[in-house]
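So this one's my_file33.txt, compact mmCIF, C-alpha atoms:
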# COMPACT_ATOMS: atom_id res chain seq x y z
CA MET A 143 -29.63 -192.31 -85.76
CA LYS A 144 -32.79 -191.22 -83.97
CA GLU A 145 -32.46 -189.25 -80.74
CA ASN A 146 -34.83 -190.23 -77.96
CA ILE A 147 -37.36 -188.06 -76.19
CA PHE A 148 -35.12 -187.70 -73.13
CA THR A 149 -32.48 -186.02 -75.26
CA TYR A 150 -34.96 -183.54 -76.56
CA LEU A 151 -36.38 -182.79 -73.15
CA LYS A 152 -32.89 -181.93 -71.99
CA LEU A 153 -32.31 -179.88 -75.12
CA PHE A 154 -35.56 -178.06 -74.52
CA ASN A 155 -34.48 -177.21 -70.99
CA LEU A 156 -31.15 -176.02 -72.23
CA ILE A 157 -32.59 -173.85 -74.98
CA SER A 158 -35.21 -172.32 -72.77
CA GLY A 159 -32.54 -171.49 -70.21
CA LEU A 160 -30.10 -170.00 -72.68
CA LYS A 161 -29.97 -166.32 -71.81
CA GLU A 162 -26.31 -165.88 -72.76
CA PRO A 163 -26.86 -164.99 -76.43
CA TYR A 164 -29.18 -162.14 -75.41
CA ILE A 165 -26.69 -160.80 -72.88
CA ALA A 166 -23.81 -160.96 -75.37
CA ALA A 167 -25.96 -159.36 -78.10
CA LYS A 168 -26.95 -156.49 -75.79
CA LEU A 169 -23.32 -155.78 -74.92
CA LEU A 170 -22.18 -155.93 -78.56
CA ILE A 171 -24.97 -153.59 -79.69
CA GLU A 172 -24.36 -151.13 -76.83
CA LYS A 173 -20.64 -151.03 -77.56
CA GLN A 174 -21.22 -151.03 -81.35
CA LYS A 175 -18.80 -153.89 -81.82
CA THR A 176 -18.78 -156.75 -84.32
CA LEU A 177 -18.31 -160.45 -83.64
CA SER A 178 -17.03 -163.23 -85.87
CA VAL A 179 -17.25 -166.88 -84.97
CA ALA A 180 -15.24 -169.86 -86.24
CA GLU A 181 -16.67 -173.19 -85.22
CA SER A 182 -15.40 -176.69 -85.49
CA CYS A 183 -17.17 -179.04 -83.05
CA THR A 184 -20.10 -176.69 -82.41
CA GLY A 185 -20.85 -176.77 -86.13
CA GLY A 186 -22.69 -173.46 -86.48
CA LEU A 187 -24.66 -173.58 -83.24
CA ILE A 188 -22.99 -170.51 -81.70
CA SER A 189 -23.60 -168.60 -84.90
CA SER A 190 -27.22 -169.71 -84.96
CA LEU A 191 -27.80 -168.78 -81.30
CA MET A 192 -26.19 -165.37 -81.80
CA THR A 193 -28.49 -164.71 -84.78
CA ASP A 194 -31.67 -165.77 -82.96
CA ILE A 195 -31.83 -162.18 -81.78
CA SER A 196 -33.55 -159.57 -83.91
CA GLY A 197 -31.01 -156.88 -84.72
CA SER A 198 -28.11 -159.34 -84.85
CA SER A 199 -27.02 -157.93 -88.22
CA ALA A 200 -25.57 -155.01 -86.23
CA TYR A 201 -22.76 -157.24 -84.97
CA THR A 202 -22.82 -160.31 -87.27
CA HIS A 203 -21.09 -159.96 -90.62
CA SER A 204 -19.46 -163.32 -91.32
CA ASN A 205 -19.02 -166.57 -89.43
CA PHE A 206 -17.33 -169.80 -90.43
CA VAL A 207 -17.74 -173.48 -89.81
CA THR A 208 -14.33 -174.99 -90.42
CA TYR A 209 -14.73 -178.69 -89.83
CA ALA A 210 -11.87 -180.00 -91.97
CA ASN A 211 -8.24 -179.16 -91.27
CA GLU A 212 -7.74 -177.83 -94.79
CA THR A 213 -10.54 -175.32 -94.28
CA LYS A 214 -8.97 -174.10 -91.04
CA GLU A 215 -5.86 -173.41 -93.10
CA LYS A 216 -7.63 -171.96 -96.13
CA TYR A 217 -10.10 -169.60 -94.47
CA LEU A 218 -8.52 -168.94 -91.06
CA HIS A 219 -4.82 -169.31 -91.90
CA VAL A 220 -4.13 -171.85 -89.17
CA SER A 221 -0.67 -173.20 -89.99
CA SER A 222 -0.34 -176.77 -91.21
CA GLN A 223 2.57 -177.18 -88.80
CA THR A 224 0.35 -176.29 -85.84
CA LEU A 225 -2.28 -178.78 -87.02
CA SER A 226 0.20 -181.60 -87.49
CA GLN A 227 2.24 -180.88 -84.34
CA TYR A 228 -0.57 -180.20 -81.85
CA GLY A 229 -3.70 -181.46 -83.62
CA ALA A 230 -6.92 -179.69 -84.53
CA VAL A 231 -8.17 -179.98 -80.96
CA SER A 232 -5.51 -177.95 -79.16
CA VAL A 233 -4.89 -174.64 -77.47
CA GLN A 234 -2.61 -173.65 -80.36
CA THR A 235 -5.22 -174.31 -83.07
CA ALA A 236 -7.94 -172.49 -81.15
CA GLY A 237 -5.60 -169.52 -80.77
CA GLU A 238 -4.73 -169.40 -84.44
CA MET A 239 -8.41 -169.66 -85.36
CA VAL A 240 -9.07 -166.50 -83.32
CA GLU A 241 -6.11 -164.68 -84.86
CA GLY A 242 -7.12 -165.74 -88.37
CA LEU A 243 -10.70 -164.60 -87.83
CA ILE A 244 -9.64 -161.13 -86.72
CA GLU A 245 -7.22 -160.89 -89.63
CA THR A 246 -9.60 -162.03 -92.37
CA THR A 247 -12.84 -160.43 -91.18
CA GLY A 248 -11.59 -157.32 -89.38
CA CYS A 249 -14.09 -158.06 -86.58
CA ASP A 250 -13.74 -156.49 -83.13
CA TYR A 251 -14.35 -159.72 -81.21
CA ALA A 252 -13.55 -163.27 -82.33
CA LEU A 253 -14.76 -166.55 -80.88
CA ALA A 254 -13.50 -169.99 -81.93
CA THR A 255 -14.23 -173.56 -80.87
CA THR A 256 -12.41 -176.81 -81.54
CA GLY A 257 -13.26 -179.98 -79.65
CA ILE A 258 -14.83 -183.41 -79.68
CA ALA A 259 -18.63 -183.59 -79.51
CA GLY A 260 -18.67 -187.39 -79.81
CA PRO A 261 -19.86 -190.03 -79.46
CA THR A 262 -16.84 -191.17 -81.50
CA GLY A 263 -13.46 -189.52 -82.10
CA GLY A 264 -12.24 -189.38 -78.50
CA THR A 265 -8.89 -190.63 -77.18
CA ASP A 266 -7.43 -190.96 -73.66
CA GLU A 267 -5.57 -187.71 -74.14
CA LYS A 268 -8.39 -185.90 -75.92
CA PRO A 269 -11.70 -187.39 -74.76
CA VAL A 270 -15.22 -186.76 -75.99
CA GLY A 271 -16.51 -183.68 -74.18
CA LEU A 272 -13.25 -181.73 -74.47
CA VAL A 273 -13.24 -178.36 -76.18
CA TYR A 274 -10.81 -175.48 -76.54
CA ILE A 275 -12.53 -172.13 -76.75
CA GLY A 276 -10.62 -169.10 -78.01
CA VAL A 277 -11.87 -165.57 -77.51
CA GLY A 278 -10.06 -162.41 -78.44
CA THR A 279 -9.69 -158.97 -79.93
CA LYS A 280 -6.82 -157.57 -81.97
CA ASP A 281 -5.07 -156.70 -78.70
CA GLU A 282 -5.53 -159.79 -76.58
CA MET A 283 -6.53 -163.41 -76.70
CA HIS A 284 -7.41 -166.19 -74.28
CA VAL A 285 -7.87 -169.90 -74.91
CA HIS A 286 -9.85 -171.88 -72.35
CA LYS A 287 -10.01 -175.63 -71.91
CA TYR A 288 -13.43 -176.95 -70.96
CA ASN A 289 -14.75 -180.45 -70.33
CA VAL A 290 -18.24 -181.86 -70.08
CA ASN A 291 -19.53 -185.34 -69.32
CA PRO A 292 -18.62 -187.47 -72.36
CA LYS A 293 -21.68 -189.67 -71.86
CA LEU A 294 -24.08 -186.86 -72.75
CA PRO A 295 -25.68 -186.95 -76.21
CA ARG A 296 -23.86 -185.13 -78.98
CA VAL A 297 -26.51 -182.39 -79.34
CA ILE A 298 -26.33 -181.62 -75.62
CA ILE A 299 -22.52 -181.51 -75.67
CA LYS A 300 -22.71 -179.03 -78.56
CA TYR A 301 -25.11 -176.85 -76.56
CA LEU A 302 -22.94 -176.91 -73.44
CA PHE A 303 -19.86 -175.99 -75.51
CA ALA A 304 -21.77 -173.14 -77.20
CA LYS A 305 -23.14 -171.83 -73.91
CA GLN A 306 -19.69 -171.83 -72.32
CA ALA A 307 -18.17 -170.07 -75.35
CA ILE A 308 -20.76 -167.29 -75.21
CA LYS A 309 -20.22 -166.98 -71.45
CA LEU A 310 -16.51 -166.44 -72.04
CA LEU A 311 -17.31 -163.84 -74.69
CA ILE A 312 -19.55 -162.03 -72.19
CA ASP A 313 -16.71 -161.99 -69.63
CA VAL A 314 -14.37 -160.37 -72.15
CA LEU A 315 -17.04 -157.90 -73.30
CA LYS A 316 -17.67 -156.88 -69.69
CA GLU A 317 -13.96 -156.48 -68.93
CA LYS A 318 -13.42 -154.06 -71.78
CA GLU A 319 -14.24 -150.42 -71.11
CA ASN A 320 -15.49 -149.84 -74.64
CA MET R 267 -35.70 -159.81 -75.56
CA LYS R 268 -36.91 -162.90 -73.69
CA GLU R 269 -38.78 -165.55 -75.67
CA ASN R 270 -41.86 -166.98 -73.99
CA ILE R 271 -42.56 -170.57 -73.11
CA PHE R 272 -44.93 -170.98 -76.06
CA THR R 273 -42.09 -170.24 -78.45
CA TYR R 274 -39.93 -172.88 -76.87
CA LEU R 275 -42.67 -175.46 -76.86
CA LYS R 276 -43.07 -174.94 -80.59
CA LEU R 277 -39.31 -175.06 -81.03
CA PHE R 278 -39.17 -178.24 -79.03
CA ASN R 279 -41.81 -179.82 -81.26
CA LEU R 280 -39.98 -178.71 -84.35
CA ILE R 281 -36.63 -180.01 -83.17
CA SER R 282 -37.98 -183.34 -82.05
CA GLY R 283 -39.70 -183.74 -85.42
CA LEU R 284 -36.72 -182.79 -87.51
CA LYS R 285 -35.74 -185.98 -89.30
CA GLU R 286 -34.52 -184.23 -92.45
CA PRO R 287 -30.88 -183.75 -91.35
CA TYR R 288 -30.57 -187.50 -90.69
CA ILE R 289 -32.03 -188.37 -94.09
CA ALA R 290 -29.75 -185.90 -95.89
CA ALA R 291 -26.71 -187.10 -93.91
CA LYS R 292 -27.43 -190.74 -94.77
CA LEU R 293 -27.68 -189.93 -98.49
CA LEU R 294 -24.48 -187.83 -98.45
CA ILE R 295 -22.53 -190.55 -96.63
CA GLU R 296 -23.86 -193.33 -98.89
CA LYS R 297 -22.95 -191.35 -102.01
CA GLN R 298 -19.65 -190.16 -100.50
CA LYS R 299 -20.45 -186.56 -101.37
CA THR R 300 -19.60 -183.33 -99.58
CA LEU R 301 -21.93 -180.46 -98.72
CA SER R 302 -21.20 -176.78 -98.15
CA VAL R 303 -23.73 -174.35 -96.76
CA ALA R 304 -23.90 -170.57 -97.02
CA GLU R 305 -26.45 -169.01 -94.72
CA SER R 306 -27.78 -165.54 -94.40
CA CYS R 307 -31.15 -165.47 -92.57
CA THR R 308 -30.77 -168.96 -91.08
CA GLY R 309 -27.57 -167.79 -89.39
CA GLY R 310 -25.82 -171.14 -88.97
CA LEU R 311 -28.83 -173.24 -88.08
CA ILE R 312 -28.65 -175.48 -91.16
CA SER R 313 -24.97 -176.02 -90.52
CA SER R 314 -25.64 -176.84 -86.88
CA LEU R 315 -28.45 -179.28 -87.72
CA MET R 316 -26.31 -181.00 -90.34
CA THR R 317 -23.50 -181.46 -87.78
CA ASP R 318 -25.79 -182.83 -85.06
CA ILE R 319 -25.15 -186.20 -86.64
CA SER R 320 -22.14 -188.23 -85.58
CA GLY R 321 -20.00 -188.82 -88.66
CA SER R 322 -20.89 -185.48 -90.22
CA SER R 323 -17.21 -184.75 -90.81
CA ALA R 324 -17.49 -187.14 -93.78
CA TYR R 325 -19.51 -184.56 -95.71
CA THR R 326 -18.93 -181.26 -93.84
CA HIS R 327 -15.72 -179.40 -94.60
CA SER R 328 -16.58 -175.70 -94.53
CA ASN R 329 -19.76 -173.69 -94.13
CA PHE R 330 -20.31 -169.94 -94.10
CA VAL R 331 -22.63 -167.49 -92.45
CA THR R 332 -22.59 -164.43 -94.69
CA TYR R 333 -24.89 -161.92 -93.05
CA ALA R 334 -23.47 -158.69 -94.47
CA ASN R 335 -23.48 -157.93 -98.20
CA GLU R 336 -19.71 -157.35 -98.20
CA THR R 337 -19.15 -160.85 -96.87
CA LYS R 338 -21.34 -162.36 -99.60
CA GLU R 339 -19.02 -160.61 -102.06
CA LYS R 340 -15.78 -161.41 -100.25
CA TYR R 341 -16.25 -165.09 -99.46
CA LEU R 342 -18.86 -166.22 -102.03
CA HIS R 343 -18.08 -163.84 -104.90
CA VAL R 344 -21.64 -162.59 -105.24
CA SER R 345 -21.35 -159.56 -107.53
CA SER R 346 -21.95 -156.10 -106.09
CA GLN R 347 -24.10 -155.36 -109.12
CA THR R 348 -26.41 -158.26 -108.30
CA LEU R 349 -26.69 -157.10 -104.70
CA SER R 350 -27.48 -153.49 -105.65
CA GLN R 351 -29.78 -154.35 -108.56
CA TYR R 352 -31.82 -157.20 -107.04
CA GLY R 353 -31.03 -156.97 -103.31
CA ALA R 354 -29.57 -159.53 -100.94
CA VAL R 355 -32.93 -161.31 -100.68
CA SER R 356 -33.40 -162.36 -104.29
CA VAL R 357 -33.29 -165.34 -106.59
CA GLN R 358 -30.15 -163.89 -108.20
CA THR R 359 -28.23 -163.54 -104.94
CA ALA R 360 -29.22 -167.03 -103.77
CA GLY R 361 -28.02 -168.42 -107.10
CA GLU R 362 -24.68 -166.66 -106.93
CA MET R 363 -24.21 -167.84 -103.35
CA VAL R 364 -24.55 -171.44 -104.56
CA GLU R 365 -22.17 -170.88 -107.47
CA GLY R 366 -19.64 -169.14 -105.20
CA LEU R 367 -19.79 -171.95 -102.66
CA ILE R 368 -19.06 -174.62 -105.25
CA GLU R 369 -16.25 -172.52 -106.70
CA THR R 370 -14.51 -171.66 -103.42
CA THR R 371 -14.98 -174.92 -101.53
CA GLY R 372 -15.04 -177.49 -104.32
CA CYS R 373 -17.98 -179.19 -102.59
CA ASP R 374 -20.25 -181.63 -104.43
CA TYR R 375 -23.52 -180.12 -103.15
CA ALA R 376 -24.14 -176.51 -102.15
CA LEU R 377 -27.03 -175.06 -100.18
CA ALA R 378 -27.67 -171.34 -99.65
CA THR R 379 -30.33 -169.27 -97.89
CA THR R 380 -31.15 -165.58 -98.03
CA GLY R 381 -34.37 -164.22 -96.56
CA ILE R 382 -36.04 -162.24 -93.81
CA ALA R 383 -36.48 -163.97 -90.44
CA GLY R 384 -38.00 -160.85 -88.83
CA PRO R 385 -39.65 -159.49 -86.85
CA THR R 386 -38.23 -156.35 -88.50
CA GLY R 387 -36.73 -155.83 -91.97
CA GLY R 388 -39.75 -156.79 -94.07
CA THR R 389 -41.31 -154.73 -96.87
CA ASP R 390 -44.48 -155.16 -98.96
CA GLU R 391 -42.43 -156.66 -101.75
CA LYS R 392 -40.17 -158.73 -99.50
CA PRO R 393 -42.07 -159.54 -96.31
CA VAL R 394 -40.89 -161.24 -93.13
CA GLY R 395 -41.12 -164.99 -93.70
CA LEU R 396 -39.75 -164.88 -97.26
CA VAL R 397 -36.66 -166.87 -98.12
CA TYR R 398 -34.85 -167.85 -101.31
CA ILE R 399 -33.17 -171.24 -101.05
CA GLY R 400 -30.53 -172.21 -103.59
CA VAL R 401 -29.38 -175.79 -104.01
CA GLY R 402 -26.97 -177.06 -106.61
CA THR R 403 -24.02 -179.01 -107.88
CA LYS R 404 -21.41 -177.98 -110.40
CA ASP R 405 -23.77 -179.12 -113.16
CA GLU R 406 -27.12 -177.72 -112.11
CA MET R 407 -28.78 -175.27 -109.78
CA HIS R 408 -32.27 -174.46 -108.54
CA VAL R 409 -33.48 -171.50 -106.52
CA HIS R 410 -36.78 -171.87 -104.68
CA LYS R 411 -38.95 -169.15 -103.19
CA TYR R 412 -40.60 -170.09 -99.91
CA ASN R 413 -42.86 -168.21 -97.54
CA VAL R 414 -43.95 -168.86 -93.98
CA ASN R 415 -46.34 -167.00 -91.69
CA PRO R 416 -44.62 -163.70 -90.84
CA LYS R 417 -46.25 -163.60 -87.41
CA LEU R 418 -44.30 -166.60 -86.17
CA PRO R 419 -41.40 -165.94 -83.80
CA ARG R 420 -37.99 -165.43 -85.39
CA VAL R 421 -36.54 -168.68 -84.03
CA ILE R 422 -39.44 -170.67 -85.48
CA ILE R 423 -39.12 -168.95 -88.86
CA LYS R 424 -35.42 -169.86 -88.90
CA TYR R 425 -36.29 -173.50 -88.18
CA LEU R 426 -38.93 -173.64 -90.90
CA PHE R 427 -36.49 -172.13 -93.41
CA ALA R 428 -33.78 -174.61 -92.40
CA LYS R 429 -36.14 -177.57 -92.57
CA GLN R 430 -37.33 -176.57 -96.06
CA ALA R 431 -33.76 -176.06 -97.26
CA ILE R 432 -32.71 -179.53 -96.11
CA LYS R 433 -35.85 -181.00 -97.72
CA LEU R 434 -34.85 -179.45 -101.05
CA LEU R 435 -31.35 -180.84 -100.66
CA ILE R 436 -32.83 -184.30 -100.06
CA ASP R 437 -34.89 -183.99 -103.27
CA VAL R 438 -31.78 -183.18 -105.28
CA LEU R 439 -29.76 -185.93 -103.61
CA LYS R 440 -32.49 -188.46 -104.42
CA GLU R 441 -32.73 -187.32 -108.05
CA LYS R 442 -29.04 -187.87 -108.69
CA GLU R 443 -27.97 -191.37 -109.58
CA ASN R 444 -24.67 -191.06 -107.75

Please rewrite the model in this file as C-alpha cells.
Amino acid sequence: MKENIFTYLKLFNLISGLKEPYIAAKLLIEKQKTLSVAESCTGGLISSLMTDISGSSAYTHSNFVTYANETKEKYLHVSSQTLSQYGAVSVQTAGEMVEGLIETTGCDYALATTGIAGPTGGTDEKPVGLVYIGVGTKDEMHVHKYNVNPKLPRVIIKYLFAKQAIKLLIDVLKEKEN
Amino acid sequence: MKENIFTYLKLFNLISGLKEPYIAAKLLIEKQKTLSVAESCTGGLISSLMTDISGSSAYTHSNFVTYANETKEKYLHVSSQTLSQYGAVSVQTAGEMVEGLIETTGCDYALATTGIAGPTGGTDEKPVGLVYIGVGTKDEMHVHKYNVNPKLPRVIIKYLFAKQAIKLLIDVLKEKEN
C-alpha cells in the first residue's frame, strides 16, 4: 500500500514542473470561458490542478469523477450500448463523455479522461498506461489516444495523463479565436 | 502565478506523509462500502487522493466538484434558500451537500467540503483557511468546522482541508460496526 520515497521524488518533480494548469487558466480567464471536466482514471486530479489557481471560480462551475459505468450513463449520458460495445476505455466513450458534459453543464470547454492507471486492470489490447482524452466545445470535438510507460507508479501515471489532458486543452484554447 | 520552491517542498512533505487515504480505503474495502465526495474548495483533491489507491473502483463510483452555487443546487439539491440565507461556506450548506450526495448517488458514505482556500475571498466572519466538512451516512451526519493558517499557500490549504476531511471519514468508518 505504501508508496516509496522514489515515487514521491518523481511526483515532486512533476508537480513542481506543472505549468500547464496556469497556462490553461490564464487563457480561460482572458477569453471568459468556462471549463467542465469529467474524469475516470485521473480521479479528480485534473479538477484539483485546475483549481490550484486563485481565481479558478471564474471558469470552474462543476466537474465530475465518473468511475463506474453507471455513473457515466447517469450523469454524462454515455449510452449503455457504447459502454458494452466498445468498453469504458475507448474513443467512443471519451467522446460521449465530452458531449454529455457540454449538454449537462452548458460549459464552453469540456475535457474528459478514460483510461487505465494500473497497476491492475490492463489487458493486451488495453494496457496499463493507456488513456483516451476527449476535449471539445459545442462545435467540435477531438479524442486523443495517449500511452505512458505501464511500469510507472499509479500516481505518476495519473499525473502524466492529467498533464497531457491539460496540454490538449491549451492547444484547443489557443486555436480558437475567442 | 508561479508557486515557489518552498511551497512545493511543503507540498512534497504533505503528500509523502499522507497515509489517511490508504487507511480510509482499507476500511471501505473491508466493509464493502461505497464513498461519494462533493468538493467545493478542495476542488477534486480528496477525490484524487482517494483514487490514488489501486482498487479504488471498489468504493468510488461518482464524485462531484461543485464550485458554483448553481451546481450545488443542480447536482446536490442544496436549496437556494440555504445558499442565500447562510452562504455557500456554512454548516447548513455542507450538511445539505452530504444529504444530496447520499440521495443522488445512493452511496454508503458521503463526504463534502465547502470553504475558502484563498488567498482571496475571505471576510472577517469567514476568513481564508475556514472550511466546513460534512460526513455522513443515510442514518447520521456530522458537520465539522476547521481552520488553518490563512497565510499558507492555497495548495497547502487545500491539502490540509483534504487531509482533515479524510481523517473525519476514518473516524466515522471506525465508529460503525459494519

Dump as a Markdown table the rows for residues of chain A within 7 Å of chain R: closest atom pair and distance in Å with one decimal, all atoms listed in the file counted, ordered by chain and rising residue number.
| residue | atom | partner | partner_atom | distance |
| --- | --- | --- | --- | --- |
| A:Met143 | CA | R:Tyr288 | CA | 7.0 |
| A:Tyr150 | CA | R:Ser282 | CA | 6.3 |
| A:Phe154 | CA | R:Phe278 | CA | 5.8 |
| A:Ser158 | CA | R:Tyr274 | CA | 6.3 |
| A:Tyr164 | CA | R:Met267 | CA | 6.9 |
| A:Gly185 | CA | R:Ser314 | CA | 4.8 |
| A:Gly186 | CA | R:Ser314 | CA | 4.5 |
| A:Leu187 | CA | R:Ser314 | CA | 5.0 |
| A:Ser189 | CA | R:Gly310 | CA | 5.3 |
| A:Ser190 | CA | R:Gly310 | CA | 4.5 |
| A:Thr193 | CA | R:Gly309 | CA | 5.6 |
| A:Asp194 | CA | R:Val421 | CA | 5.8 |
| A:Ser196 | CA | R:Gly384 | CA | 6.8 |
| A:Ser199 | CA | R:Tyr333 | CA | 6.6 |
| A:Thr202 | CA | R:Tyr333 | CA | 6.3 |
| A:His203 | CA | R:Ala334 | CA | 4.7 |
| A:Ser204 | CA | R:Thr332 | CA | 4.7 |
| A:Asn205 | CA | R:Val331 | CA | 4.8 |
| A:Phe206 | CA | R:Phe330 | CA | 4.7 |
| A:Val207 | CA | R:Asn329 | CA | 4.8 |
| A:Thr208 | CA | R:Ser328 | CA | 4.7 |
| A:Tyr209 | CA | R:His327 | CA | 4.9 |
| A:Ala210 | CA | R:His327 | CA | 4.7 |
| A:Thr213 | CA | R:Ser328 | CA | 6.1 |
| A:Gly260 | CA | R:Ser320 | CA | 6.8 |
| A:Pro261 | CA | R:Ser320 | CA | 6.8 |
| A:Arg296 | CA | R:Asp318 | CA | 6.8 |
| A:Val297 | CA | R:Asp318 | CA | 5.8 |

Enclosing box along x, y and z for every listed atom of segment 236-247 of chain A, padded 3 Å each side, centre and size in Å, one decimal, as AutoDock Vina command-line options:
--center_x -8.8 --center_y -166.5 --center_z -86.6 --size_x 14.1 --size_y 18.1 --size_z 17.6

Report the distance between atom CA of Glu339 of chain R and atom CA of Ala428 of chain R in Å, rounded to one decimal place. 22.5 Å

7 Å contact set for Ile258 of chain A, all atoms listed in the file, chain neighbours under 3 positions out, as a ChimeraX atom specification: /A:183,263-264,270-273

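Interatomic distance, atom CA of Phe303 of chain A against atom CA of Tyr288 of chain A: 7.9 Å.
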
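Shortest atom-to-atom contact with Lys429 of chain R among R:Ile295, R:Val344, R:Leu349, R:Ala290: R:Ala290, counting only C-alpha atoms.
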
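Each of R:Gly361, R:Pro416, R:Gly366, R:Gly372 was checked against Tyr398 of chain R using only C-alpha atoms; the smallest atom-to-atom distance is that of R:Gly361.
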
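For the atom pair formed by atom CA of Thr279 of chain A and atom CA of Ile244 of chain A, the distance is 7.1 Å, given to one decimal.
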
List the spatial neighbours of Leu315 of chain A as a ChimeraX atom specification - criterion: any atom at most 12 Å away, all atoms listed in the file, same-chain residues fewer than 2 positions off excluded. /A:165-177,250-253,277-279,308-313,317-320

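Around Ala236 of chain A, within 7 Å and counting only C-alpha atoms, the residues found are Ala254, Thr255, Thr256, Tyr274, Ile275, Gly276 and Val285 of chain A, once anything fewer than 6 positions away on its own chain is removed.
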
Using only C-alpha atoms, the shortest atom-to-atom distance to Glu365 of chain R among R:Gly381, R:Lys404, R:Pro393, R:Lys417 belongs to R:Lys404
